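A.B. asks: This is the structure, below, for whatever I ask next.
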Amino acid sequence: MRKKIVAGNWKMNTTFAEGEALVKAIIAKKGEVKNDVTLVVAPPFTHLTCLAEELEKAGIGLSAQNCAEHESGAYTGEVSAKMLASVDVKYCILGHSERREYYGETNATLTKKIDVALKYGLIPIFCVGEKLDEREANRHFDVINAQLEVLTRLSAEDFGKVIVAYEPVWAIGTGKTATSAQAQEIHTFIRKALAAKFGAAAEQTPILYGGSCKPSNAAEIFAQPDVDGGLIGGASLAADDFIAIAKVF
Ligand code: 13P
C-alpha cells in the first residue's frame, strides 16, 4: 500500500501569528483524519523554526517550499537544505511551477537542489506539470517526461525517498481542476515512466495531485487508483478546508 499524503503549500501567505493560528486549528482537527493519512504543511521559511516542535508532537510533517541549490556560502538571501534539516524540517517542495516560471528554475537547477535536499535527509516533494498551451498542443506527456529526468537520474535508494506532485499549471489557483480522468491519465503516465527506470519501486512512490483541489472535488480525484493524495494551495490556508480534503480518504 502506498502512503496517502495531503500536503498544504501555503506559498507566500500568512504572517507568523496567522500561521501559528492556522497550525493550531489544523492540530485541533487532526483527530478527524484517518491515522493512515500523512498530513504535511509547508509554511514560509520565517515560520519553520517556531512551528517545528508543535507539529512534530502532533504528528504533522513540516515542509519547506524550496531550498538553495548550493550547500552554503555567499548566496545572499538563500536558505540551504542543511539549515532546514537543522531546524527539523522533514520535506522540501522542489520544482513548483511558480519557481520554474518566476525564478527560472530548470532541470539543471532542480538536479542540484534535489541532490542537496537528499544529502541532508529532506524528503523532496517534486512537482511536475504542463502549461495550458503545452496541453493544447498535445505536448503534455513530453513536457512531463522531460521534467521527470531530474528523478530518473537518481540512485534507486534516493528515488525511494521521493514524493511526486502532478500540478497542471492551468489548474493552479484558477479554480479549474483537472478532471479525475485527466489526473489519473497523467499519474499513470508518471508511474510508468518511473517504473521504466526503477521497476517495482515506482509502485511505492506517492504521486499527489495539485491544482484547485478543494473539499468539493477531492473525493473524486483521490479515488483514482494512481492518485495518492494532494498538494493543496489556496484551500490549505483554511483549517476546515484542509482537514475536509484529508478526510476524503
Ligand atoms: P491551488 O490549490 O491554490 O490551485 O494551488 C495548488 C498548488 O500550487 C499547490 O502547490
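Simple scheme: letters A, B, ... for chains in C-alpha cells order, numbers from 1 for residues in each chain, numbers from 1 for ligands in the order shown.
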Just want the residues within 7 Å of ligand 1, written as a PyMOL selection string, counting only C-alpha atoms and all ligand atoms.
C.D. replies: chain A and resi 9+96+167+171-175+210-213+231-235
A.B. asks: Would you kindly return, as a list in words, each protein, DNA or RNA residue with an atom no farther than 10 Å from any atom of A:Glu78, considering only C-alpha atoms and excluding same-chain residues fewer than 6 positions away?
C.D. replies: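 Close residues of A:Glu78: Asn66, Cys67, Ala68, Glu69, His70 and Ser72 of chain A.
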A.B. asks: Produce a file of the selected residues containing N, CA, C and O atoms, as a JSON list (two decimals), in the first residue's frame.
C.D. replies:
```json
[["chain", "number", "residue", "atom", "x", "y", "z"],
["A", 66, "ASN", "N", 11.02, 25.34, -0.73],
["A", 66, "ASN", "CA", 12.14, 25.50, -1.66],
["A", 66, "ASN", "C", 13.42, 25.33, -0.84],
["A", 66, "ASN", "O", 13.38, 25.41, 0.39],
["A", 67, "CYS", "N", 14.54, 25.09, -1.50],
["A", 67, "CYS", "CA", 15.84, 25.23, -0.83],
["A", 67, "CYS", "C", 16.85, 25.69, -1.87],
["A", 67, "CYS", "O", 16.59, 25.64, -3.07],
["A", 68, "ALA", "N", 18.01, 26.13, -1.38],
["A", 68, "ALA", "CA", 19.05, 26.61, -2.29],
["A", 68, "ALA", "C", 19.67, 25.43, -3.04],
["A", 68, "ALA", "O", 19.65, 24.30, -2.56],
["A", 69, "GLU", "N", 20.22, 25.73, -4.20],
["A", 69, "GLU", "CA", 20.90, 24.67, -4.96],
["A", 69, "GLU", "C", 22.31, 24.43, -4.44],
["A", 69, "GLU", "O", 22.92, 23.42, -4.74],
["A", 70, "HIS", "N", 22.83, 25.41, -3.68],
["A", 70, "HIS", "CA", 24.19, 25.30, -3.14],
["A", 70, "HIS", "C", 24.13, 24.86, -1.68],
["A", 70, "HIS", "O", 23.13, 25.06, -1.01],
["A", 72, "SER", "N", 26.26, 25.96, 0.89],
["A", 72, "SER", "CA", 26.48, 27.08, 1.81],
["A", 72, "SER", "C", 27.31, 28.11, 1.08],
["A", 72, "SER", "O", 27.79, 27.85, -0.03]]
```
A.B. asks: As a ChimeraX atom specification, please: all residues of stretch 107-219 of chain A that backbone DSSP puts in helix (DSSP H, G or I).
C.D. replies: /A:107-119,132-136,140-147,149-152,156-159,169-171,180-204,215-219
A.B. asks: Among stretch 10-229 of chain A, which ones does DSSP assign to strand (DSSP E) (computed from the backbone)? Answer as number ranges by chain.
C.D. replies: A: 37-42, 61-64, 91-94, 123-128, 163-166, 207-209, 229
A.B. asks: In Å, with one decimal, what is the gap from atom CA of A:Asn107 to atom CA of A:Thr179?
C.D. replies: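 According to the coordinates, atom CA of A:Asn107 and atom CA of A:Thr179 are separated by 27.5 Å.
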A.B. asks: When you look at A:Ile26 with a cut-off of 10 Å (counting only C-alpha atoms), what residues show up, excluding the ones that are within fewer than 5 positions of it in the same chain? I need them as an MDAnalysis selection string.
C.D. replies: chainID A and resid 20:21 31 39 41 55 58 60 236:243
A.B. asks: Hey, can you check how far atom CA of A:Thr15 sits from atom CA of A:Gly61?
C.D. replies: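 These two atoms are separated by 19.9 Å.
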A.B. asks: Any idea what's packed within 12 Å of A:Glu185, counting only C-alpha atoms, ignoring anything in its chain fewer than 4 positions away? Could you give it as a PyMOL selection string?
C.D. replies: chain A and resi 140-141+166+178-181+189-192+209+221+224-227
A.B. asks: Please list as a PyMOL selection string every residue within 10 Å of A:Lys90, counting only C-alpha atoms and excluding residues in the same chain fewer than 4 positions away.
C.D. replies: chain A and resi 40+52+56+61-64+84-86+117+120-124
A.B. asks: Can you write out the residues you just picked, keeping all heavy atoms, as a compact mmCIF listing (two decimals), in the first residue's frame?
C.D. replies:
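So the final result, stored in out.txt, reads:
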```
# COMPACT_ATOMS: atom_id res chain seq x y z
N VAL A 40 0.95 17.10 5.91
CA VAL A 40 2.19 17.87 5.83
C VAL A 40 1.80 19.33 5.61
O VAL A 40 0.85 19.61 4.87
CB VAL A 40 3.06 17.39 4.63
CG1 VAL A 40 4.29 18.27 4.45
CG2 VAL A 40 3.47 15.93 4.80
N ALA A 52 8.06 23.96 14.32
CA ALA A 52 8.54 22.57 14.19
C ALA A 52 8.13 21.67 15.35
O ALA A 52 7.61 20.57 15.14
CB ALA A 52 10.05 22.56 14.02
N GLU A 56 5.60 18.46 15.18
CA GLU A 56 6.20 17.15 15.44
C GLU A 56 5.38 16.40 16.49
O GLU A 56 5.04 15.24 16.32
CB GLU A 56 7.65 17.37 15.91
CG GLU A 56 8.30 16.18 16.57
CD GLU A 56 9.07 15.32 15.58
OE1 GLU A 56 9.79 15.90 14.76
OE2 GLU A 56 8.93 14.09 15.64
N GLY A 61 3.76 16.53 9.38
CA GLY A 61 5.05 16.76 8.74
C GLY A 61 5.27 18.23 8.43
O GLY A 61 4.33 18.95 8.09
N LEU A 62 6.53 18.65 8.53
CA LEU A 62 6.87 20.05 8.25
C LEU A 62 7.71 20.10 6.98
O LEU A 62 8.71 19.39 6.84
CB LEU A 62 7.64 20.64 9.42
CG LEU A 62 8.09 22.10 9.28
CD1 LEU A 62 6.90 23.05 9.10
CD2 LEU A 62 8.90 22.52 10.51
N SER A 63 7.29 20.94 6.06
CA SER A 63 7.98 21.06 4.77
C SER A 63 8.40 22.49 4.51
O SER A 63 7.71 23.43 4.90
CB SER A 63 7.04 20.60 3.65
OG SER A 63 7.67 20.70 2.38
N ALA A 64 9.51 22.65 3.80
CA ALA A 64 9.86 23.94 3.22
C ALA A 64 9.27 23.99 1.81
O ALA A 64 8.85 22.96 1.26
CB ALA A 64 11.37 24.10 3.19
N LEU A 84 17.66 23.87 6.81
CA LEU A 84 16.30 23.36 7.00
C LEU A 84 16.32 22.10 7.86
O LEU A 84 15.56 21.97 8.81
CB LEU A 84 15.64 23.07 5.64
CG LEU A 84 15.41 24.31 4.77
CD1 LEU A 84 14.98 23.91 3.37
CD2 LEU A 84 14.37 25.23 5.41
N ALA A 85 17.24 21.20 7.53
CA ALA A 85 17.34 19.96 8.31
C ALA A 85 17.69 20.27 9.76
O ALA A 85 17.22 19.60 10.68
CB ALA A 85 18.38 19.04 7.69
N SER A 86 18.48 21.34 9.98
CA SER A 86 18.92 21.66 11.34
C SER A 86 17.79 22.19 12.22
O SER A 86 17.93 22.25 13.43
CB SER A 86 20.08 22.67 11.29
OG SER A 86 19.60 23.98 11.03
N ALA A 117 19.10 18.39 -1.19
CA ALA A 117 17.99 18.09 -0.26
C ALA A 117 18.14 16.65 0.25
O ALA A 117 18.06 16.40 1.47
CB ALA A 117 16.65 18.28 -0.96
N TYR A 120 20.93 16.02 2.79
CA TYR A 120 20.67 16.42 4.18
C TYR A 120 19.39 15.79 4.74
O TYR A 120 18.86 16.23 5.75
CB TYR A 120 20.67 17.95 4.30
CG TYR A 120 22.09 18.44 4.17
CD1 TYR A 120 22.55 18.99 2.97
CD2 TYR A 120 23.01 18.25 5.20
CE1 TYR A 120 23.87 19.37 2.82
CE2 TYR A 120 24.33 18.63 5.05
CZ TYR A 120 24.77 19.18 3.88
OH TYR A 120 26.08 19.53 3.74
N GLY A 121 18.92 14.76 4.07
CA GLY A 121 17.84 13.95 4.64
C GLY A 121 16.45 14.52 4.46
O GLY A 121 15.50 14.05 5.10
N LEU A 122 16.29 15.53 3.61
CA LEU A 122 14.95 16.07 3.36
C LEU A 122 14.25 15.18 2.33
O LEU A 122 14.89 14.66 1.40
CB LEU A 122 15.03 17.50 2.82
CG LEU A 122 15.70 18.53 3.73
CD1 LEU A 122 15.84 19.87 2.99
CD2 LEU A 122 14.90 18.73 5.02
N ILE A 123 12.94 15.03 2.48
CA ILE A 123 12.16 14.27 1.51
C ILE A 123 11.66 15.25 0.45
O ILE A 123 10.87 16.15 0.77
CB ILE A 123 10.95 13.58 2.20
CG1 ILE A 123 11.46 12.59 3.24
CG2 ILE A 123 10.05 12.90 1.16
CD1 ILE A 123 10.35 12.02 4.13
N PRO A 124 12.11 15.11 -0.79
CA PRO A 124 11.65 16.05 -1.81
C PRO A 124 10.20 15.77 -2.21
O PRO A 124 9.80 14.62 -2.38
CB PRO A 124 12.57 15.79 -3.01
CG PRO A 124 13.68 14.95 -2.48
CD PRO A 124 13.13 14.19 -1.31
```
A.B. asks: To one decimal place, how far is atom CA of A:Ala25 from atom CA of A:Phe126 in Å?
C.D. replies: 27.1 Å
A.B. asks: Tell me, as a list in words, which residues lie within 10 Å of A:Phe249, counting only C-alpha atoms; anything in the same chain fewer than 6 positions away does not count.
C.D. replies: Lys4, Ile5, Val6, Val33, Lys34, Asp36, Val37, Ala218, Ala219, Phe222, Ala223, Asp228 and Gly229 of chain A
A.B. asks: Based on the selection just made, write all heavy atoms of those residues as a short mmCIF file (atom, residue, chain, number, x, y, z; two decimals), in the first residue's frame.
C.D. replies:
```
data_model
loop_
_atom_site.label_atom_id
_atom_site.label_comp_id
_atom_site.auth_asym_id
_atom_site.auth_seq_id
_atom_site.Cartn_x
_atom_site.Cartn_y
_atom_site.Cartn_z
N LYS A 4 -0.67 7.61 1.84
CA LYS A 4 -1.61 8.66 1.43
C LYS A 4 -1.15 9.96 2.11
O LYS A 4 -0.92 9.98 3.32
CB LYS A 4 -3.02 8.33 1.92
CG LYS A 4 -3.56 7.06 1.32
CD LYS A 4 -4.83 6.66 2.03
CE LYS A 4 -5.23 5.28 1.60
NZ LYS A 4 -6.02 4.61 2.64
N ILE A 5 -1.04 11.00 1.32
CA ILE A 5 -0.46 12.25 1.83
C ILE A 5 -1.31 13.44 1.40
O ILE A 5 -1.67 13.55 0.22
CB ILE A 5 0.98 12.44 1.30
CG1 ILE A 5 1.87 11.26 1.73
CG2 ILE A 5 1.59 13.76 1.77
CD1 ILE A 5 3.20 11.17 1.02
N VAL A 6 -1.61 14.31 2.35
CA VAL A 6 -2.25 15.57 1.98
C VAL A 6 -1.34 16.68 2.52
O VAL A 6 -1.10 16.78 3.73
CB VAL A 6 -3.68 15.69 2.54
CG1 VAL A 6 -4.28 17.06 2.21
CG2 VAL A 6 -4.57 14.59 1.93
N VAL A 33 -9.05 13.07 10.95
CA VAL A 33 -8.42 12.46 9.76
C VAL A 33 -7.93 11.06 10.13
O VAL A 33 -7.40 10.85 11.21
CB VAL A 33 -7.22 13.33 9.29
CG1 VAL A 33 -6.51 12.70 8.10
CG2 VAL A 33 -7.69 14.73 8.97
N LYS A 34 -8.13 10.11 9.21
CA LYS A 34 -7.69 8.73 9.49
C LYS A 34 -6.18 8.68 9.74
O LYS A 34 -5.41 9.43 9.16
CB LYS A 34 -8.02 7.83 8.29
CG LYS A 34 -9.51 7.60 8.11
CD LYS A 34 -9.76 6.30 7.34
CE LYS A 34 -11.24 6.09 7.14
NZ LYS A 34 -11.64 6.27 5.72
N ASP A 36 -3.94 6.67 8.83
CA ASP A 36 -3.02 6.28 7.75
C ASP A 36 -2.84 7.40 6.71
O ASP A 36 -2.21 7.19 5.68
CB ASP A 36 -3.47 4.98 7.07
CG ASP A 36 -4.81 5.12 6.37
OD1 ASP A 36 -5.52 6.12 6.61
OD2 ASP A 36 -5.15 4.24 5.57
N VAL A 37 -3.38 8.57 7.01
CA VAL A 37 -3.18 9.71 6.10
C VAL A 37 -2.11 10.63 6.71
O VAL A 37 -2.25 11.07 7.86
CB VAL A 37 -4.48 10.52 5.89
CG1 VAL A 37 -4.24 11.71 4.97
CG2 VAL A 37 -5.58 9.62 5.34
N ALA A 218 -12.13 16.89 -4.11
CA ALA A 218 -11.03 15.99 -3.70
C ALA A 218 -11.45 14.52 -3.75
O ALA A 218 -10.66 13.66 -4.16
CB ALA A 218 -10.55 16.36 -2.31
N ALA A 219 -12.69 14.23 -3.36
CA ALA A 219 -13.10 12.82 -3.26
C ALA A 219 -12.97 12.12 -4.61
O ALA A 219 -12.44 11.01 -4.70
CB ALA A 219 -14.54 12.73 -2.74
N PHE A 222 -9.13 11.89 -5.60
CA PHE A 222 -8.34 10.98 -4.75
C PHE A 222 -8.80 9.53 -4.91
O PHE A 222 -8.10 8.60 -4.51
CB PHE A 222 -8.43 11.37 -3.27
CG PHE A 222 -7.77 12.68 -2.91
CD1 PHE A 222 -7.21 13.51 -3.87
CD2 PHE A 222 -7.70 13.09 -1.57
CE1 PHE A 222 -6.61 14.72 -3.53
CE2 PHE A 222 -7.10 14.29 -1.21
CZ PHE A 222 -6.56 15.11 -2.20
N ALA A 223 -9.99 9.33 -5.49
CA ALA A 223 -10.49 7.95 -5.67
C ALA A 223 -9.78 7.24 -6.83
O ALA A 223 -9.89 6.04 -6.98
CB ALA A 223 -11.99 7.97 -5.93
N ASP A 228 -2.48 9.55 -4.98
CA ASP A 228 -2.21 9.15 -3.60
C ASP A 228 -2.38 10.29 -2.60
O ASP A 228 -1.91 10.20 -1.48
CB ASP A 228 -0.79 8.58 -3.52
CG ASP A 228 -0.58 7.47 -4.54
OD1 ASP A 228 -1.39 6.52 -4.53
OD2 ASP A 228 0.35 7.57 -5.36
N GLY A 229 -3.04 11.35 -3.06
CA GLY A 229 -3.28 12.48 -2.16
C GLY A 229 -3.16 13.78 -2.92
O GLY A 229 -3.21 13.79 -4.16
#
```
